[in-house]
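**Student:** Just passing along the structure, written as structure tokens.
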Amino acid sequence: MKQRTRWALSVATLCLISLSLAAQEAEVDISACRGIYTVLKAMRDGAPKEQVSSMLETLLDTRPYQVMFKHYNRSWRPNHLPKPVFKRMILSLQFAEEYSAGENERADTMRARWTKYYPNLSPYEKQLRQLEGANLSKLINDAVRFAQEWLPPEWKIPKFYFPVIPNGGSPAFALENTQGYDFLQLAQGTIGEIDLNWLAGTVSHESHHLGMRSTMPGSLSAADAMAFRVVSLCVAEGVATYFISGPPPGRAPAFKGTSFHVFTGELAKAWNDQVSAEEEILQHQTMLLDKAMAGLLTEEAFNAELREYWLNGVVGRAYTLGAEMFGAIYTAFGKEGVFAAIQNPRRLFELYNAAIDAKPEALKRCVRVPDKAVKQALAIGRSVPLARGALPLRTQRAGTQKGKRDVHG
Ligand SMILES: [Zn+2]
């Protein structure tokens, strides 16, 4: 009996351990929001400058702000936003002589966002109460778990630190194991009211990128490697957009399984415009594929394509075309088809066309990929023996590069 109790207890303990592990996809930290509130309140209540300055000094040494300074002072932009400058920018809300416009471009932009909140702290208070009252850990962890469902099971989203940091600069950023969000720029339903569903949807979308893995075969000729990138350029955004961000229906039916509504007014309009331009967008992709296979698409030209065509605009074209392709594949072949395309993007066009054939009624408005492009994609890495001296490509994480685009500046 005793034995059995012990056994039952250890099973229960094991369950508890695995439960608590499962509950920690993200480490949520909103301490900086309250910290800054205390500082702003003290300034408004007339505290002396020395006192506020020392409060700020302590606060800016805490983990959320340390990560934030790391983000603004990355290796490629050292001294972009020095801590003393940021500190004086905040002090200047009350003590004008502390900072003058033109001193630091980043701090200038930030200051404009702080001055919206400072004269009347009640929207800030309201937002703060809402964040503190929400079960943010649950919200974020659920969002991460949802994203995980749309990744092949062996691709795990790494755990990350999730601070909300009042700063007024980048609305969101990703750095090492951190996804940071700006308290002053969280999407709002009405002023002072954070749209928590938008926040969860955005975190979920970004987390999906973090879980993406490179699928590029180890050694490809330079031309095939470029062709592979062209073929997979819509994959990461397509999956994350269709299954998580909840766009309106396009040519493929809308996905019913997401509870996030990231596509609000302006985004929905941009989405619809692109759905009508899908023929052109697909043509553009097949033209690029021709170029790549002929060895005529350089790295610089491809990057310019990403920047100026595929990821540009309110909703990048890669988001729309990718979402539609995955929507069609899902409609015909379910999750299994989706994972087959994620894990081997060379099959994406093939699966997409096959989906249109399998569900002609539901997918009749979808634009077919020309057969030539389907064959080209399938032949990547198989057609020509490796050129002698072809450089082995360093593996890259498919999601990382594209993911950056969502987390601005
Ligand atoms: Zn994205």
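A note on labels: chains of the structure tokens are A, B, ... as shown, every chain counts residues from 1, and ligands are counted from 1 in their shown order.
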Can you tell me which residues surround A:Leu306 at a distance of at most 10 Å, considering only C-alpha atoms, apart from same-chain residues fewer than 4 positions away, and format the answer as a list in words?
**Tutor:** Val230, Leu233, Glu300, Ala301, Phe302, Trp310, Leu311, Asn312, Gly316, Arg317, Ala318, Lys402 and Arg405 of chain A
**Student:** Generate a file of the selected residues that holds C-alpha atoms, formatted as a JSON list (two decimals), in the first residue's frame.
**Tutor:**
[["chain", "number", "residue", "atom", "x", "y", "z"],
["A", 230, "VAL", "CA", 13.05, 31.58, -54.78],
["A", 233, "LEU", "CA", 10.39, 32.58, -50.35],
["A", 300, "GLU", "CA", 22.14, 41.32, -54.12],
["A", 301, "ALA", "CA", 19.36, 41.15, -56.69],
["A", 302, "PHE", "CA", 17.52, 38.55, -54.62],
["A", 310, "TRP", "CA", 8.06, 40.44, -51.72],
["A", 311, "LEU", "CA", 8.09, 41.91, -48.23],
["A", 312, "ASN", "CA", 7.30, 45.50, -49.08],
["A", 316, "GLY", "CA", 4.01, 41.86, -48.27],
["A", 317, "ARG", "CA", 3.24, 39.87, -51.41],
["A", 318, "ALA", "CA", 5.00, 36.84, -49.92],
["A", 402, "LYS", "CA", 11.93, 36.61, -42.99],
["A", 405, "ARG", "CA", 10.72, 41.85, -41.29]]
**Student:** Write out as a VMD selection string all residues of stretch 156-265 of chain A that backbone DSSP assigns to helix (DSSP H, G or I).
**Tutor:** chain A and resid 183 to 185 196 to 211 222 to 231 235 to 245 265
**Student:** Which of these residues is nearest to ligand 1, using only C-alpha atoms and all ligand atoms: A:Ser259, A:Ser232, A:Thr202, A:Asn353?
**Tutor:** A:Thr202
**Student:** Could you give me, as CSV, a per-residue list for stretch 165-185 of chain A showing, wherever an atom lies at most 12 Å from an atom of stretch 78-93 of chain A, the closest pair of atoms and their distance in Å to one decimal, using only C-alpha atoms and sorting by chain then residue number from low to high?
**Tutor:**
residue,atom,partner,partner_atom,distance
A:Pro166,CA,A:Ile90,CA,10.8
A:Asn167,CA,A:Phe86,CA,8.8
A:Gly168,CA,A:Phe86,CA,10.6
A:Gly169,CA,A:Leu81,CA,10.4
**Student:** Would you mind telling me which residue in A:Ala134, A:Ala236, A:Leu220, A:Ile36 lies nearest to ligand 1 when using only C-alpha atoms and all ligand atoms?
**Tutor:**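 Among the listed residues, the smallest separation from ligand 1 belongs to A:Ala236.
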**Student:** Can you pull out the residues contacting stretch 331-344 of chain A? Cut-off 7 Å, using only C-alpha atoms, and skip same-chain residues under 2 positions away; I want them as a ChimeraX atom specification.
**Tutor:** /A:152,215,235,326-329,346-348,355,358-359
**Student:** Please produce a file of the residues just selected, as a compact mmCIF listing (two decimals), in the first residue's frame, where the atoms kept are C-alpha atoms.
**Tutor:**
# COMPACT_ATOMS: atom_id res chain seq x y z
CA PRO A 152 6.33 19.74 -37.88
CA THR A 215 15.22 22.85 -45.25
CA VAL A 235 6.82 29.54 -47.08
CA PHE A 326 -1.01 26.91 -48.00
CA GLY A 327 -4.73 27.60 -47.77
CA ALA A 328 -5.33 25.59 -50.94
CA ILE A 329 -3.05 22.76 -49.83
CA ARG A 346 10.49 21.93 -53.76
CA ARG A 347 7.09 20.23 -53.59
CA LEU A 348 5.13 23.39 -52.78
CA ALA A 355 -4.87 20.70 -54.42
CA ALA A 358 -8.48 17.71 -55.95
CA LYS A 359 -10.93 20.42 -54.85
**Student:** I need the residue nearest A:Ile380 from this list: A:Pro345, A:Pro171, A:Pro123, A:Gly250. Use only C-alpha atoms for the distance.
**Tutor:**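 Once distances to A:Ile380 are computed over only C-alpha atoms, the minimum belongs to A:Pro345.
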